[in-house]
Amino acid sequence: LVWYGLFMVVPLIAMIVLSFFSWNSLVGSPQPNGLENYAYLFEDQILRVAIINTILYVGIGLLLIIPFGFLLGFFLSRRPRGHAVLSIIFFTPWIVSASARAMMFTGLYQPNGAINSILDGIGLGELGRVWLADPATALGAVIATEAWAGIGATAVIFASALGRIPDEVFEAARLDGAGIWREIVAIAAPLSKDFIGLMTMLQFLWLFLGSAGTVLLLTRGGPGSTTMTLSFYLYDQAFVSGRLGYSQAIGVVGLLVGLIGMGIIRYAFRSKD
């Protein structure tokens, strides 16, 4: 409890307290400014964009990572030939450093990168984009980078959980005429509901909090503010603009959004027993 209070409760209280101060330099002294930071939150157009982008970022990321991760995990749990090697391959993107991942995808997204080259090769060159500089595709490109890292690792973790379901359950379903899709939907998913909820919560936190690093390395919130997320906006205001007090008010907004998101996930996966 002492360690929890030291590393969780104290920083949280400090963030809330500092959100009531004007603090424009790490070497300066915070000056109380009442509710000015919170009043400016309602006028900040970029903050509104950041909240919308964060919802899209996390929502689309979860819709990609959890279902595809579960399906791949089910495939691995059936222990196909070479499943051990496949598990390593799937998990590898997760342990690639964020900077290396960003460099790789920056290369893929370049005008003369692999994606546009493939589109040219199959006669769809008109679909090519400057993916990270086009407001219509920049956010999706950043989300795809996160999904690439998250799907494989989630699959390996799901495979471990699904492997605990007795084979007899699936064999009985096959005797009743169940196909592979019914095994997934009617057996694997319901028996793994609590674990799916846990993985959804963990991936939610990873996407919500980790977007700052990915956005910083790929787009720095641009073009314009089309890839600005709450966590990156907090970083930008604190360490680029030097508005440390206001950044803490943004942190309080992020805390509320995060709590609402976790509450929704918990409600969605609640036990009905």
# chains A, B, ... in the order shown; residues from 1 in each chain; ligands from 1
>>> residues_around(residues="stretch 215-230 of chain A", least_positions_apart="2", cutoff="6 Å", atoms="only C-alpha atoms", output="list in words")
Ala50, Asn53, Thr54, Ala133, Leu139, Ser211, Ala212, Gly213, Phe232 and Tyr233 of chain A
>>> residues_around(residues="A:Gly125", least_positions_apart="5", cutoff="10 Å", atoms="only C-alpha atoms", output="JSON, numbers by chain")
{"A": [115, 116, 117, 118, 119, 120]}
>>> write_last_selection(atoms="all heavy atoms", output="mmCIF file, in the first residue's frame")
data_model
loop_
_atom_site.group_PDB
_atom_site.id
_atom_site.type_symbol
_atom_site.label_atom_id
_atom_site.label_comp_id
_atom_site.auth_asym_id
_atom_site.auth_seq_id
_atom_site.Cartn_x
_atom_site.Cartn_y
_atom_site.Cartn_z
ATOM 1 N N ILE A 115 4.185 0.446 -49.926
ATOM 2 C CA ILE A 115 2.732 0.425 -50.126
ATOM 3 C C ILE A 115 2.365 0.999 -51.491
ATOM 4 O O ILE A 115 1.616 0.391 -52.272
ATOM 5 C CB ILE A 115 2.016 1.187 -49.003
ATOM 6 C CG1 ILE A 115 2.218 0.470 -47.661
ATOM 7 C CG2 ILE A 115 0.524 1.325 -49.308
ATOM 8 C CD1 ILE A 115 1.626 1.197 -46.482
ATOM 9 N N ASN A 116 2.896 2.176 -51.795
ATOM 10 C CA ASN A 116 2.598 2.783 -53.099
ATOM 11 C C ASN A 116 3.197 1.970 -54.243
ATOM 12 O O ASN A 116 2.604 1.893 -55.329
ATOM 13 C CB ASN A 116 3.121 4.214 -53.144
ATOM 14 C CG ASN A 116 2.262 5.177 -52.334
ATOM 15 O OD1 ASN A 116 1.130 4.856 -51.983
ATOM 16 N ND2 ASN A 116 2.790 6.341 -52.039
ATOM 17 N N SER A 117 4.349 1.347 -54.006
ATOM 18 C CA SER A 117 4.968 0.515 -55.048
ATOM 19 C C SER A 117 4.099 -0.698 -55.363
ATOM 20 O O SER A 117 3.927 -1.080 -56.527
ATOM 21 C CB SER A 117 6.365 0.066 -54.608
ATOM 22 O OG SER A 117 7.225 1.172 -54.446
ATOM 23 N N ILE A 118 3.532 -1.313 -54.310
ATOM 24 C CA ILE A 118 2.646 -2.461 -54.516
ATOM 25 C C ILE A 118 1.394 -2.037 -55.269
ATOM 26 O O ILE A 118 0.933 -2.724 -56.195
ATOM 27 C CB ILE A 118 2.281 -3.101 -53.162
ATOM 28 C CG1 ILE A 118 3.518 -3.769 -52.540
ATOM 29 C CG2 ILE A 118 1.164 -4.130 -53.329
ATOM 30 C CD1 ILE A 118 3.307 -4.242 -51.126
ATOM 31 N N LEU A 119 0.828 -0.890 -54.880
ATOM 32 C CA LEU A 119 -0.359 -0.395 -55.574
ATOM 33 C C LEU A 119 -0.057 -0.134 -57.045
ATOM 34 O O LEU A 119 -0.868 -0.458 -57.927
ATOM 35 C CB LEU A 119 -0.864 0.883 -54.901
ATOM 36 C CG LEU A 119 -1.490 0.714 -53.510
ATOM 37 C CD1 LEU A 119 -1.802 2.069 -52.895
ATOM 38 C CD2 LEU A 119 -2.758 -0.135 -53.571
ATOM 39 N N ASP A 120 1.116 0.431 -57.320
ATOM 40 C CA ASP A 120 1.516 0.649 -58.717
ATOM 41 C C ASP A 120 1.640 -0.680 -59.459
ATOM 42 O O ASP A 120 1.225 -0.811 -60.612
ATOM 43 C CB ASP A 120 2.854 1.397 -58.773
ATOM 44 C CG ASP A 120 2.693 2.889 -58.509
ATOM 45 O OD1 ASP A 120 1.592 3.413 -58.751
ATOM 46 O OD2 ASP A 120 3.668 3.508 -58.052
#
>>> residues_around(residues="stretch 78-91 of chain A", least_positions_apart="5", cutoff="7 Å", atoms="only C-alpha atoms", output="short mmCIF file (atom, residue, chain, number, x, y, z; two decimals) with C-alpha atoms, in the first residue's frame")
data_model
loop_
_atom_site.label_atom_id
_atom_site.label_comp_id
_atom_site.auth_asym_id
_atom_site.auth_seq_id
_atom_site.Cartn_x
_atom_site.Cartn_y
_atom_site.Cartn_z
CA GLY A 152 0.23 -10.73 -32.98
CA ALA A 153 1.06 -10.38 -29.31
CA VAL A 156 -0.21 -15.38 -28.58
#
>>> atom_distance(atom1="atom CA of A:Val9", atom2="atom CA of A:Gly258")
16.1 Å
>>> closest_residue(among="A:Ala159, A:Met15, A:Ile95, A:Leu35", to="A:Phe74", atoms="only C-alpha atoms")
A:Ala159
>>> closest_residue(among="A:Thr106, A:Ser271, A:Gln203, A:Ser19", to="A:Ser247", atoms="only C-alpha atoms")
A:Ser19
>>> select_by_dssp(residues="stretch 119-252 of chain A", states="alpha helix (DSSP H)", output="JSON, numbers by chain")
{"A": [119, 120, 121, 138, 139, 140, 141, 142, 143, 144, 145, 146, 147, 148, 149, 150, 151, 152, 153, 154, 155, 156, 157, 158, 159, 160, 161, 162, 167, 168, 169, 170, 171, 172, 173, 174, 175, 180, 181, 182, 189, 190, 191, 193, 194, 195, 196, 197, 198, 199, 200, 201, 202, 203, 204, 205, 206, 207, 208, 209, 210, 211, 212, 213, 214, 215, 216, 217, 218, 230, 231, 232, 233, 234, 235, 244, 245, 246, 247, 248, 249, 250, 251, 252]}
>>> closest_residue(among="A:Leu26, A:Val257, A:Leu41, A:Leu6", to="A:Gly242", atoms="only C-alpha atoms")
A:Leu26
>>> closest_residue(among="A:Leu202, A:Glu43, A:Glu36, A:Ile51", to="A:Leu234", atoms="only C-alpha atoms")
A:Ile51
